[in-house]
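Asker: So here's model-v8.txt (compact mmCIF, C-alpha atoms).
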# COMPACT_ATOMS: atom_id res chain seq x y z
CA MET A 1023 -6.71 25.00 17.85
CA THR A 1024 -7.02 25.54 14.10
CA ASP A 1025 -10.02 24.02 12.37
CA TRP A 1026 -8.99 21.29 9.92
CA ARG A 1027 -10.85 22.95 7.07
CA GLU A 1028 -8.61 25.98 7.56
CA LEU A 1029 -5.55 23.73 7.56
CA ILE A 1030 -6.69 22.13 4.31
CA GLN A 1031 -7.17 25.57 2.75
CA ALA A 1032 -3.58 26.44 3.66
CA VAL A 1033 -2.36 23.71 1.30
CA GLU A 1034 -2.46 25.13 -2.21
CA PRO A 1035 -3.13 21.87 -4.14
CA LEU A 1036 -6.07 21.08 -1.84
CA GLN A 1037 -7.84 24.45 -1.95
CA ASP A 1038 -10.28 23.39 -4.68
CA LEU A 1039 -10.62 19.77 -3.55
CA ARG A 1040 -14.14 18.61 -2.74
CA LEU A 1041 -14.17 16.87 0.62
CA HIS A 1042 -16.98 15.61 2.82
CA HIS A 1043 -17.65 17.84 5.80
CA ASP A 1044 -19.00 15.08 8.03
CA LEU A 1045 -15.99 12.84 7.47
CA VAL A 1046 -13.44 15.63 7.96
CA SER A 1047 -15.15 16.63 11.21
CA THR A 1048 -15.28 13.03 12.42
CA LEU A 1049 -11.60 12.46 11.67
CA GLU A 1050 -10.72 15.68 13.47
CA ARG A 1051 -12.71 14.60 16.55
CA ASP A 1052 -10.93 11.23 16.50
CA TRP A 1053 -7.57 12.99 16.27
CA HIS A 1054 -8.20 15.18 19.32
CA GLY A 1055 -9.96 12.45 21.32
CA PRO A 1056 -7.67 10.98 24.00
CA VAL A 1057 -5.67 13.76 25.65
CA ASP A 1058 -2.53 11.63 25.88
CA ARG A 1059 -2.76 10.30 22.32
CA PRO A 1060 0.63 10.81 20.62
CA ILE A 1061 0.55 12.30 17.14
CA PRO A 1062 1.63 9.48 14.83
CA PRO A 1063 4.49 10.03 12.37
CA VAL A 1064 3.98 9.25 8.69
CA HIS A 1065 6.36 7.96 6.03
CA PHE A 1066 5.86 8.98 2.41
CA TYR A 1067 7.43 7.19 -0.53
CA THR A 1068 7.40 9.72 -3.32
CA PRO A 1069 9.04 10.37 -6.70
CA THR A 1070 9.07 14.12 -5.86
CA PHE A 1071 11.50 16.02 -3.61
CA LYS A 1072 14.21 15.16 -6.12
CA SER A 1073 16.56 17.86 -4.83
CA TYR A 1074 17.23 15.82 -1.71
CA GLN A 1075 18.37 12.70 -3.51
CA THR A 1076 21.94 13.61 -4.33
CA SER A 1077 22.94 15.21 -1.04
CA GLU A 1078 21.18 13.13 1.59
CA LEU A 1079 19.41 10.14 0.10
CA LYS A 1080 20.52 7.26 -2.02
CA THR A 1081 19.23 7.26 -5.54
CA CYS A 1082 16.36 4.86 -6.02
CA GLY A 1083 17.15 1.89 -8.23
CA LYS A 1084 14.46 0.38 -10.40
CA ASN A 1085 15.82 -3.12 -9.86
CA ALA A 1086 15.92 -3.05 -6.04
CA TRP A 1087 12.83 -5.24 -5.60
CA PRO A 1088 11.95 -6.93 -8.90
CA ALA A 1089 8.90 -9.15 -9.19
CA VAL A 1090 9.42 -12.76 -10.26
CA SER A 1091 6.65 -15.13 -11.35
CA ILE A 1092 7.08 -18.89 -11.20
CA THR A 1093 4.28 -19.28 -13.77
CA GLY A 1094 5.27 -16.49 -16.11
CA GLY A 1095 2.05 -14.83 -17.27
CA ASP A 1096 -0.18 -17.87 -16.68
CA CYS A 1097 -2.99 -17.98 -14.12
CA LYS A 1098 -5.95 -20.33 -14.01
CA LEU A 1099 -8.35 -18.02 -12.18
CA GLN A 1100 -8.56 -15.09 -14.62
CA CYS A 1101 -10.11 -12.84 -11.99
CA ASP A 1102 -12.33 -10.08 -13.36
CA HIS A 1103 -10.15 -7.22 -12.10
CA CYS A 1104 -6.84 -8.61 -13.36
CA LYS A 1105 -7.14 -11.29 -16.07
CA ALA A 1106 -3.55 -12.32 -15.20
CA SER A 1107 -2.26 -9.11 -16.79
CA ILE A 1108 -0.45 -8.13 -13.61
CA LEU A 1109 1.89 -11.10 -14.13
CA GLU A 1110 2.92 -10.22 -17.68
CA PRO A 1111 5.65 -7.64 -16.89
CA MET A 1112 7.22 -9.82 -14.19
CA ILE A 1113 10.41 -11.82 -14.67
CA PRO A 1114 9.45 -15.41 -15.52
CA ALA A 1115 11.13 -18.27 -13.64
CA ARG A 1116 9.07 -21.34 -14.43
CA THR A 1117 11.56 -23.94 -13.22
CA PRO A 1118 13.85 -24.16 -10.17
CA GLU A 1119 16.85 -23.81 -12.49
CA GLU A 1120 15.42 -20.63 -13.99
CA LEU A 1121 14.72 -19.22 -10.53
CA TRP A 1122 18.32 -19.78 -9.44
CA ARG A 1123 19.62 -18.13 -12.61
CA VAL A 1124 17.23 -15.17 -12.32
CA VAL A 1125 18.09 -14.50 -8.68
CA ASN A 1126 21.82 -14.53 -9.39
CA GLU A 1127 21.30 -12.09 -12.24
CA ILE A 1128 19.15 -9.64 -10.28
CA ILE A 1129 21.50 -9.71 -7.29
CA GLU A 1130 24.36 -8.87 -9.62
CA ASP A 1131 22.18 -6.01 -10.89
CA GLY A 1132 21.76 -4.62 -7.37
CA ALA A 1133 18.57 -6.26 -6.09
CA GLN A 1134 18.01 -6.17 -2.34
CA GLY A 1135 15.18 -8.67 -2.50
CA MET A 1136 12.37 -9.89 -4.70
CA LEU A 1137 8.64 -10.24 -4.76
CA LEU A 1138 8.01 -13.90 -5.56
CA THR A 1139 4.62 -14.78 -6.93
CA GLY A 1140 2.85 -16.70 -9.64
CA GLY A 1141 -0.52 -17.46 -11.12
CA SER A 1142 -2.93 -19.54 -9.09
CA ASN A 1143 -4.42 -22.92 -9.78
CA HIS A 1144 -8.20 -23.34 -9.64
CA ARG A 1145 -8.07 -23.44 -5.82
CA ASN A 1146 -6.20 -20.12 -5.54
CA GLU A 1147 -2.94 -21.82 -4.62
CA VAL A 1148 0.44 -20.82 -6.02
CA GLU A 1149 2.31 -24.10 -6.52
CA TYR A 1150 5.65 -23.26 -4.91
CA ALA A 1151 6.54 -26.81 -3.81
CA PRO A 1152 8.94 -27.59 -6.70
CA HIS A 1153 10.83 -24.36 -5.92
CA TYR A 1154 11.28 -24.67 -2.15
CA ASP A 1155 14.72 -26.32 -2.33
CA THR A 1156 15.91 -23.54 -4.62
CA ILE A 1157 14.50 -20.85 -2.35
CA ARG A 1158 16.37 -22.44 0.55
CA ARG A 1159 19.55 -22.49 -1.54
CA ILE A 1160 19.09 -18.79 -2.35
CA LYS A 1161 18.72 -17.88 1.32
CA ASP A 1162 21.72 -19.97 2.34
CA GLU A 1163 23.89 -18.47 -0.39
CA PHE A 1164 22.62 -14.87 -0.03
CA PRO A 1165 21.35 -14.49 3.56
CA GLN A 1166 20.82 -10.72 3.23
CA PHE A 1167 18.61 -11.13 0.17
CA ARG A 1168 14.95 -10.72 1.19
CA ILE A 1169 12.16 -12.83 -0.28
CA ALA A 1170 8.55 -11.68 -0.05
CA ALA A 1171 6.12 -14.26 -1.38
CA HIS A 1172 2.49 -13.95 -2.33
CA ALA A 1173 1.00 -16.86 -0.41
CA ALA A 1174 -2.49 -17.02 -1.96
CA LEU A 1175 -4.36 -19.70 0.05
CA VAL A 1176 -2.35 -22.11 2.19
CA ASP A 1177 -2.84 -24.57 5.04
CA ASP A 1178 -0.57 -25.11 8.05
CA ASP A 1179 1.77 -27.45 6.17
CA ALA A 1180 2.18 -25.08 3.22
CA ALA A 1181 2.80 -22.11 5.52
CA LEU A 1182 5.45 -24.10 7.40
CA SER A 1183 7.07 -25.10 4.11
CA MET A 1184 7.33 -21.43 3.09
CA GLU A 1185 8.96 -20.59 6.41
CA GLN A 1186 11.42 -23.48 6.24
CA ALA A 1187 12.36 -22.55 2.68
CA GLY A 1188 13.46 -19.13 3.95
CA VAL A 1189 10.65 -16.83 2.84
CA ASP A 1190 10.95 -13.62 4.88
CA VAL A 1191 7.51 -12.14 4.26
CA ALA A 1192 4.20 -13.73 3.33
CA MET A 1193 1.49 -11.65 1.69
CA MET A 1194 -2.12 -12.42 0.84
CA ASP A 1195 -5.34 -10.66 -0.05
CA VAL A 1196 -7.99 -11.03 2.66
CA ILE A 1197 -11.46 -11.20 1.09
CA GLY A 1198 -14.47 -10.95 3.36
CA ALA A 1199 -17.42 -11.50 0.99
CA GLN A 1200 -18.39 -14.87 -0.44
CA GLU A 1201 -20.02 -13.18 -3.43
CA THR A 1202 -16.73 -11.48 -4.32
CA ILE A 1203 -14.81 -14.76 -4.02
CA THR A 1204 -17.30 -16.48 -6.31
CA ARG A 1205 -17.97 -13.78 -8.89
CA VAL A 1206 -14.77 -11.74 -9.10
CA TYR A 1207 -12.25 -14.51 -8.36
CA HIS A 1208 -14.21 -17.35 -10.00
CA LEU A 1209 -13.26 -19.41 -7.01
CA ARG A 1210 -14.92 -22.23 -5.10
CA ARG A 1211 -13.42 -21.37 -1.75
CA SER A 1212 -14.93 -19.72 1.31
CA VAL A 1213 -14.29 -16.66 3.45
CA ALA A 1214 -13.27 -19.15 6.14
CA ASP A 1215 -10.47 -20.40 3.87
CA PHE A 1216 -9.01 -16.88 3.72
CA GLU A 1217 -9.17 -16.54 7.49
CA ALA A 1218 -7.60 -19.98 7.94
CA THR A 1219 -4.75 -18.94 5.63
CA LEU A 1220 -4.03 -15.82 7.66
CA GLU A 1221 -4.17 -17.86 10.86
CA SER A 1222 -1.70 -20.39 9.43
CA LEU A 1223 0.70 -17.67 8.31
CA VAL A 1224 0.80 -15.74 11.59
CA ARG A 1225 1.71 -18.97 13.41
CA THR A 1226 5.04 -18.99 11.56
CA ARG A 1227 8.11 -16.81 12.12
CA MET A 1228 7.62 -15.08 8.79
CA LYS A 1229 6.50 -11.49 8.72
CA VAL A 1230 2.91 -11.43 7.51
CA VAL A 1231 1.50 -8.47 5.57
CA PRO A 1232 -2.07 -9.01 4.34
CA HIS A 1233 -3.69 -6.68 1.85
CA ILE A 1234 -7.28 -5.46 1.70
CA VAL A 1235 -8.37 -4.39 -1.78
CA ILE A 1236 -11.01 -1.72 -1.24
CA GLY A 1237 -13.74 -1.86 -3.89
CA LEU A 1238 -12.81 -5.35 -5.06
CA HIS A 1239 -16.46 -6.19 -5.75
CA TYR A 1240 -16.74 -4.26 -9.03
CA GLY A 1241 -15.91 -0.99 -7.28
CA GLN A 1242 -18.42 -1.49 -4.47
CA MET A 1243 -17.54 -2.07 -0.83
CA LEU A 1244 -18.89 -5.43 0.24
CA GLY A 1245 -16.47 -7.61 2.21
CA GLU A 1246 -13.92 -5.06 3.40
CA TRP A 1247 -15.37 -4.72 6.90
CA LYS A 1248 -15.40 -8.50 7.36
CA ALA A 1249 -11.81 -8.67 6.09
CA LEU A 1250 -10.85 -6.10 8.73
CA GLU A 1251 -12.49 -8.21 11.44
CA ILE A 1252 -10.52 -11.25 10.25
CA ILE A 1253 -7.24 -9.36 10.41
CA GLN A 1254 -8.11 -8.03 13.84
CA ARG A 1255 -8.48 -11.61 15.09
CA HIS A 1256 -5.07 -12.69 13.72
CA LEU A 1257 -2.83 -9.67 14.10
CA PRO A 1258 -0.12 -9.51 11.39
CA ASP A 1259 3.04 -7.41 11.22
CA ALA A 1260 1.50 -4.77 8.97
CA VAL A 1261 -1.51 -4.24 6.71
CA VAL A 1262 -1.52 -2.72 3.24
CA LEU A 1263 -4.69 -1.03 1.99
CA VAL A 1264 -5.14 -0.45 -1.73
CA VAL A 1265 -8.08 0.79 -3.78
CA VAL A 1266 -9.07 -1.24 -6.82
CA MET A 1267 -7.74 -0.09 -10.19
CA PRO A 1268 -9.24 -2.57 -12.67
CA PHE A 1269 -7.46 -1.46 -15.82
CA TYR A 1270 -7.89 -4.95 -17.28
CA ALA A 1271 -11.59 -5.44 -16.50
CA SER A 1272 -13.78 -6.34 -19.45
CA GLU A 1273 -16.54 -4.04 -20.72
CA LYS A 1274 -19.06 -6.74 -19.82
CA LYS A 1275 -18.04 -6.61 -16.15
CA PRO A 1276 -16.97 -3.01 -15.51
CA PHE A 1277 -15.72 -1.68 -12.19
CA ALA A 1278 -16.91 1.61 -10.75
CA THR A 1279 -14.52 4.00 -9.00
CA PRO A 1280 -15.01 3.40 -5.26
CA ASP A 1281 -16.65 6.26 -3.40
CA SER A 1282 -13.91 8.30 -1.73
CA ARG A 1283 -16.00 9.04 1.35
CA GLU A 1284 -16.59 5.33 1.94
CA VAL A 1285 -12.87 4.73 1.49
CA GLY A 1286 -12.13 7.44 4.06
CA HIS A 1287 -14.57 5.90 6.54
CA PHE A 1288 -12.85 2.56 6.04
CA PHE A 1289 -9.46 4.14 6.77
CA ARG A 1290 -10.95 5.41 10.04
CA ALA A 1291 -12.31 1.97 10.90
CA ALA A 1292 -9.00 0.28 10.07
CA ARG A 1293 -7.06 2.71 12.25
CA ALA A 1294 -9.45 2.16 15.16
CA ALA A 1295 -9.41 -1.62 14.76
CA LEU A 1296 -5.62 -1.84 14.44
CA PRO A 1297 -4.27 1.00 16.61
CA THR A 1298 -0.74 -0.40 16.95
CA THR A 1299 -0.42 -2.25 13.63
CA PRO A 1300 1.39 -0.37 10.83
CA LEU A 1301 -1.12 0.62 8.15
CA LEU A 1302 0.18 1.53 4.71
CA LEU A 1303 -1.72 2.93 1.74
CA GLY A 1304 -0.18 1.11 -1.22
CA CYS A 1305 0.46 2.43 -4.71
CA ALA A 1306 -2.79 1.20 -6.27
CA ARG A 1307 -5.64 3.70 -6.13
CA PRO A 1308 -7.69 5.65 -8.69
CA PRO A 1309 -6.16 8.69 -10.40
CA GLY A 1310 -7.26 12.32 -10.45
CA GLU A 1311 -9.47 13.95 -7.85
CA ALA A 1312 -10.37 10.60 -6.27
CA ARG A 1313 -6.69 9.97 -5.52
CA MET A 1314 -6.29 13.39 -3.89
CA GLN A 1315 -9.40 12.82 -1.77
CA ILE A 1316 -8.27 9.33 -0.74
CA ASP A 1317 -4.77 10.48 0.19
CA THR A 1318 -6.13 13.43 2.18
CA TYR A 1319 -8.37 11.11 4.19
CA ALA A 1320 -5.46 8.70 4.70
CA VAL A 1321 -3.35 11.48 6.23
CA MET A 1322 -6.20 12.63 8.49
CA ALA A 1323 -7.05 9.05 9.53
CA GLY A 1324 -3.52 8.50 10.80
CA LEU A 1325 -2.20 5.88 8.38
CA ASP A 1326 1.49 5.17 8.95
CA GLY A 1327 2.70 5.24 5.36
CA ILE A 1328 1.55 6.39 1.94
CA ALA A 1329 3.13 5.30 -1.31
CA HIS A 1330 3.48 7.96 -3.99
CA PRO A 1331 1.19 10.56 -2.36
CA ALA A 1332 -0.93 13.00 -4.31
CA ASP A 1333 -0.04 16.69 -4.33
CA GLY A 1334 -0.68 18.31 -0.98
CA ALA A 1335 -0.65 15.18 1.17
CA VAL A 1336 2.89 15.67 2.49
CA GLU A 1337 2.30 19.31 3.38
CA LEU A 1338 -1.06 18.54 5.01
CA ALA A 1339 0.56 15.92 7.24
CA ALA A 1340 3.16 18.42 8.40
CA ARG A 1341 0.52 21.07 9.10
CA LEU A 1342 -1.39 18.53 11.22
CA GLY A 1343 1.71 18.21 13.37
CA ARG A 1344 2.75 14.78 12.15
CA ARG A 1345 6.45 13.98 11.90
CA VAL A 1346 7.05 13.61 8.17
CA ARG A 1347 9.68 11.36 6.68
CA VAL A 1348 10.06 11.29 2.91
CA THR A 1349 11.90 8.72 0.81
CA PRO A 1350 12.26 9.60 -2.88
CA ALA A 1351 11.39 6.18 -4.22
CA CYS A 1352 10.30 4.27 -7.27
CA CYS A 1353 7.70 1.53 -6.98
CA SER A 1354 10.25 -1.19 -6.30
CA ILE A 1355 11.52 0.53 -3.15
CA VAL A 1356 7.94 1.03 -1.97
CA VAL A 1357 7.21 -2.66 -2.44
CA GLY A 1358 10.33 -3.57 -0.51
CA ASP A 1359 9.43 -1.38 2.45
CA GLU A 1360 5.77 -2.28 2.57
CA VAL A 1361 6.33 -6.02 2.57
CA MET A 1362 9.00 -5.67 5.25
CA ALA A 1363 6.37 -4.06 7.49
CA LEU A 1364 7.40 -0.49 6.71
CA GLY A 1365 11.08 -1.29 6.81
CA ASP A 1366 13.52 -2.67 9.33
CA ALA A 1367 15.64 0.48 9.51
CA PRO A 1368 14.89 4.19 9.23
CA SER A 1369 15.14 5.55 5.71
CA GLY A 1370 14.47 8.83 4.02
CA LEU A 1371 14.71 12.37 5.30
CA GLU A 1372 12.63 13.97 8.03
CA LEU A 1373 11.20 17.29 6.86
CA ASP A 1374 9.40 20.18 8.54
CA VAL A 1375 6.52 22.14 7.11
CA GLU A 1376 8.59 25.12 5.97
CA THR A 1377 10.97 22.88 4.03
CA ILE A 1378 8.03 21.08 2.44
CA VAL A 1379 6.34 24.34 1.43
CA GLN A 1380 9.57 25.68 -0.09
CA GLU A 1381 10.07 22.48 -2.07
CA GLU A 1382 6.47 22.54 -3.30
CA VAL A 1383 6.83 26.17 -4.43
CA ARG A 1384 10.02 25.27 -6.30
CA ARG A 1385 8.43 22.21 -7.90
CA ARG A 1386 5.26 23.98 -9.00
CA ALA A 1387 7.23 26.94 -10.33
CA SER A 1388 9.40 24.63 -12.40
CA THR A 1389 6.37 22.86 -13.89
CA ARG A 1390 4.18 25.92 -14.46
CA GLY A 1391 6.79 28.51 -15.25
CA LEU A 1392 5.92 30.88 -12.42
CA GLY A 1393 6.07 31.07 -8.64
CA ILE A 1394 3.01 29.99 -6.70
CA PRO A 1395 2.28 31.92 -3.48
CA VAL A 1396 1.69 29.65 -0.50
CA VAL A 1397 0.34 31.00 2.76
CA ALA A 1398 2.62 29.86 5.59
CA ALA A 1399 0.15 30.41 8.44
CA PRO A 1400 -3.00 28.30 8.14
CA ALA A 1401 -4.95 30.67 10.37
CA ALA A 1402 -4.64 33.35 7.68
CA ILE A 1403 -6.84 31.31 5.37
CA SER A 1404 -10.59 31.34 5.82
CA SER A 1405 -12.41 28.11 5.07
CA SER A 1406 -14.65 28.00 2.02
CA PRO A 1407 -17.92 26.14 2.67
CA ASN A 1408 -18.41 25.57 -1.04
CA LEU A 1409 -15.45 23.17 -1.09
CA VAL A 1410 -16.69 20.81 1.61
CA GLU A 1411 -19.70 18.66 0.93
CA SER A 1412 -21.93 17.10 3.51
Let's see the structure in the file written out as structure tokens.

Answerer:
Amino acid sequence: MTDWRELIQAVEPLQDLRLHHDLVSTLERDWHGPVDRPIPPVHFYTPTFKSYQTSELKTCGKNAWPAVSITGGDCKLQCDHCKASILEPMIPARTPEELWRVVNEIIEDGAQGMLLTGGSNHRNEVEYAPHYDTIRRIKDEFPQFRIAAHAALVDDDAALSMEQAGVDVAMMDVIGAQETITRVYHLRRSVADFEATLESLVRTRMKVVPHIVIGLHYGQMLGEWKALEIIQRHLPDAVVLVVVMPFYASEKKPFATPDSREVGHFFRAARAALPTTPLLLGCARPPGEARMQIDTYAVMAGLDGIAHPADGAVELAARLGRRVRVTPACCSIVVGDEVMALGDAPSGLELDVETIVQEEVRRRASTRGLGIPVVAAPAAISSSPNLVES
């Protein structure tokens, strides 16, 4: 059995990556725990591996899953990590008539579905009620068109209304710390309200895909563990984990970059708490070395899907013996698959480690102007203790 540090050293982009020895060792022990534990496959959504697009994969279309906001760029909450800026690039559809027109236009442009959202009122509710008849009309007219809606906070009646209107997937952020709800979201609601929302949603026939934003409390981990407990009590169809990227935070209330080791430990806890629930690492996470560390831990923790992985993550998964499926995809395709609980049908191309290594050599050579030697046998690489921190 090859030590995981040797496997990591066999992956050229990860050879200089600082990782935490205790966490790597713990994840390796978890991996080899139960004798009959099957090695989980992993699905990567990546803009790389372009050479496979023309021959075996459909080209990704930027308009496959557009985001539509029923409030345009308006939001009453003005949360510290967002300031409503996330709504600005979305397609506005402020009235039912606009929503009908927008949907017809995006379907004509090739859309498979849409992410439907909007700014919240002061109670963290997206006021969909005026649009429900139109949503129902859309589903009746275009039954194959998928609608994923950001639910925010709802009660039983609102959840039932979403289902009856034809919403396919309901999403929400689960927040487990009252201090985060009050300070970051500027909201007079409780942790219990978030749990009640998830409970209401899972009672419906909609697919339910909650998100946990790691580091939501100004970059610190505060309510994530409680959020995980809430999800464990009301099992959804899938869970998306993201790491806070507060590009719009003010200088007066800055966000720190979450500690990668803590993020890795949370991945481990999430996998243990939800052993049969699909876990996806979404697009949002910090750039640079932190992203490479986070993605490496996600692979070793056994997450089911990773959107736009950092260099080395795909090869590492293959070297760990995981079945690797890769879909060359833009963000819209990733959104579509994640909200449909990692997809209803197989997509992408299954690759082995040799194919992945060859593609990585080709890609790095094309970007650097020279070939990069990659060792094919991980046992030929000796681990470097200077690269793993305790």

Asker: In Å, with one decimal, what is the gap from atom CA of Pro1035 of chain A to atom CA of Thr1068 of chain A?

Answerer: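 Atom CA of Pro1035 of chain A sits 16.1 Å away from atom CA of Thr1068 of chain A.
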
Asker: Just checking: using only C-alpha atoms, which residue out of A:Ser1142, A:Val1336, A:Glu1110, A:Leu1342 ends up closest to Glu1381 of chain A?

Answerer: A:Val1336

Asker: Rounded to one decimal, what separation in Å do you get between atom CA of Ala1173 of chain A and atom CA of Asn1085 of chain A?

Answerer: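 A separation of 22.3 Å between them.
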
Asker: What does the structure give for the distance between atom CA of Val1264 of chain A and atom CA of Glu1217 of chain A, in Å to one decimal?

Answerer: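 If I compute the distance from atom CA of Val1264 of chain A to atom CA of Glu1217 of chain A, I get 19.0 Å.
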
Asker: When distances are computed from only C-alpha atoms, which of A:Pro1063, A:Pro1300, A:His1172, A:Met1314 shows the smallest separation from Glu1372 of chain A?

Answerer: A:Pro1063

Asker: Mind checking which residues fall within 8 Å of segment 1145-1149 of chain A, counting all atoms listed in the file, ignoring those fewer than 6 positions away in the same chain, and posting them as a ChimeraX atom specification?

Answerer: /A:1099,1139,1173-1176,1209-1211

Asker: Can you work out which one of A:Asp1259, A:Glu1376, A:Glu1251, A:Asp1190 has the shortest atom-to-atom distance to Val1224 of chain A, counting all atoms listed in the file?

Answerer: A:Asp1259

Asker: Neighbouring residues of Asp1281 of chain A were defined as those with any atom within 9 Å, considering all atoms listed in the file; residues of the same chain fewer than 5 positions away were excluded. Please report them as a list in words.

Answerer: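 That gives Gly1237, Gly1241, Gln1242, Met1243, Gly1286 and Ala1312 of chain A.
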
Asker: Using all atoms listed in the file, which residue out of A:His1287, A:Arg1384, A:His1239, A:Lys1098 lies closest to His1042 of chain A?

Answerer: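 Of A:His1287, A:Arg1384, A:His1239, A:Lys1098, the one nearest His1042 of chain A is A:His1287, counting all atoms listed in the file.
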
Asker: For the point (-9.7, -5.0, 5.6) in the file's frame, write as a ChimeraX atom specification all residues with an atom no more than 9 Å away, counting only C-alpha atoms.

Answerer: /A:1196-1198,1232-1236,1245-1254,1261-1263,1288,1292

Asker: Leaving out Pro1062 of chain A and any residue of its chain fewer than 2 positions from it, which residues lie within 8 Å of it when counting only C-alpha atoms, given as a tab-separated table (two decimals) with C-alpha atoms, keeping the file's coordinate frame?

Answerer:
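Below is the file that was written, out-v2.tsv:
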chain	number	residue	atom	x	y	z
A	1060	PRO	CA	0.63	10.81	20.62
A	1064	VAL	CA	3.98	9.25	8.69
A	1324	GLY	CA	-3.52	8.50	10.80
A	1326	ASP	CA	1.49	5.17	8.95
A	1344	ARG	CA	2.75	14.78	12.15
A	1345	ARG	CA	6.45	13.98	11.90

Asker: Would you mind listing what lies within 12 Å of segment 1120-1132 of chain A as JSON, numbers by chain, with only C-alpha atoms counted and same-chain residues fewer than 2 positions away left out?

Answerer: {"A": [1082, 1083, 1084, 1085, 1086, 1087, 1088, 1089, 1090, 1091, 1092, 1093, 1094, 1112, 1113, 1114, 1115, 1116, 1117, 1118, 1134, 1135, 1136, 1137, 1138, 1139, 1150, 1152, 1153, 1154, 1155, 1156, 1157, 1158, 1159, 1160, 1161, 1163, 1164, 1165, 1166, 1167, 1168, 1169]}

Asker: Between A:Val1213, A:Leu1029, A:Val1231, A:Val1375, which has the minimum distance to Val1046 of chain A (counting all atoms listed in the file)?

Answerer: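 For Val1046 of chain A, the nearest of the given residues is A:Leu1029.
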
Asker: So which residues touch Gly1327 of chain A within 7 Å, counting all atoms listed in the file, skipping near sequence neighbours fewer than 6 positions away, as a PyMOL selection string?

Answerer: chain A and resi 1064-1066+1301-1303

Asker: Between A:His1208, A:Arg1293, A:Glu1050, A:Phe1277, which one has atoms that come closest to Thr1024 of chain A, using all atoms listed in the file?

Answerer: A:Glu1050

Asker: Would you kindly identify which residues have an atom no farther than 8 Å from (-5.4, 2.7, -8.5), using only C-alpha atoms and the file's own coordinates, and write them out as a PyMOL selection string?

Answerer: chain A and resi 1264-1268+1305-1309+1313

Asker: Pull C-alpha atoms from the residues just selected and write them as an mmCIF file, keeping the file's coordinate frame.

Answerer:
data_model
loop_
_atom_site.group_PDB
_atom_site.id
_atom_site.type_symbol
_atom_site.label_atom_id
_atom_site.label_comp_id
_atom_site.auth_asym_id
_atom_site.auth_seq_id
_atom_site.Cartn_x
_atom_site.Cartn_y
_atom_site.Cartn_z
ATOM 1 C CA VAL A 1264 -5.140 -0.450 -1.730
ATOM 2 C CA VAL A 1265 -8.080 0.790 -3.780
ATOM 3 C CA VAL A 1266 -9.070 -1.240 -6.820
ATOM 4 C CA MET A 1267 -7.740 -0.090 -10.190
ATOM 5 C CA PRO A 1268 -9.240 -2.570 -12.670
ATOM 6 C CA CYS A 1305 0.460 2.430 -4.710
ATOM 7 C CA ALA A 1306 -2.790 1.200 -6.270
ATOM 8 C CA ARG A 1307 -5.640 3.700 -6.130
ATOM 9 C CA PRO A 1308 -7.690 5.650 -8.690
ATOM 10 C CA PRO A 1309 -6.160 8.690 -10.400
ATOM 11 C CA ARG A 1313 -6.690 9.970 -5.520
#

Asker: Please complete segment 1122-1132 of chain A with N, CA and C atoms and give it back as a compact mmCIF listing (two decimals), keeping the file's coordinate frame.

Answerer:
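Once everything was written out, this is part-v9.txt:
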# COMPACT_ATOMS: atom_id res chain seq x y z
N TRP A 1122 16.95 -19.96 -9.92
CA TRP A 1122 18.32 -19.78 -9.44
C TRP A 1122 19.09 -18.82 -10.34
N ARG A 1123 18.93 -19.00 -11.66
CA ARG A 1123 19.62 -18.13 -12.61
C ARG A 1123 19.12 -16.70 -12.48
N VAL A 1124 17.81 -16.51 -12.41
CA VAL A 1124 17.23 -15.17 -12.32
C VAL A 1124 17.71 -14.45 -11.07
N VAL A 1125 17.69 -15.14 -9.93
CA VAL A 1125 18.09 -14.50 -8.68
C VAL A 1125 19.56 -14.08 -8.74
N ASN A 1126 20.42 -14.92 -9.27
CA ASN A 1126 21.82 -14.53 -9.39
C ASN A 1126 21.99 -13.31 -10.28
N GLU A 1127 21.21 -13.23 -11.33
CA GLU A 1127 21.30 -12.09 -12.24
C GLU A 1127 20.80 -10.80 -11.58
N ILE A 1128 19.68 -10.88 -10.86
CA ILE A 1128 19.15 -9.64 -10.28
C ILE A 1128 19.99 -9.18 -9.09
N ILE A 1129 20.59 -10.11 -8.37
CA ILE A 1129 21.50 -9.71 -7.29
C ILE A 1129 22.72 -9.01 -7.86
N GLU A 1130 23.23 -9.52 -8.95
CA GLU A 1130 24.36 -8.87 -9.62
C GLU A 1130 23.98 -7.48 -10.11
N ASP A 1131 22.68 -7.29 -10.41
CA ASP A 1131 22.18 -6.01 -10.89
C ASP A 1131 21.79 -5.07 -9.75
N GLY A 1132 22.00 -5.51 -8.50
CA GLY A 1132 21.76 -4.62 -7.37
C GLY A 1132 20.50 -4.89 -6.57
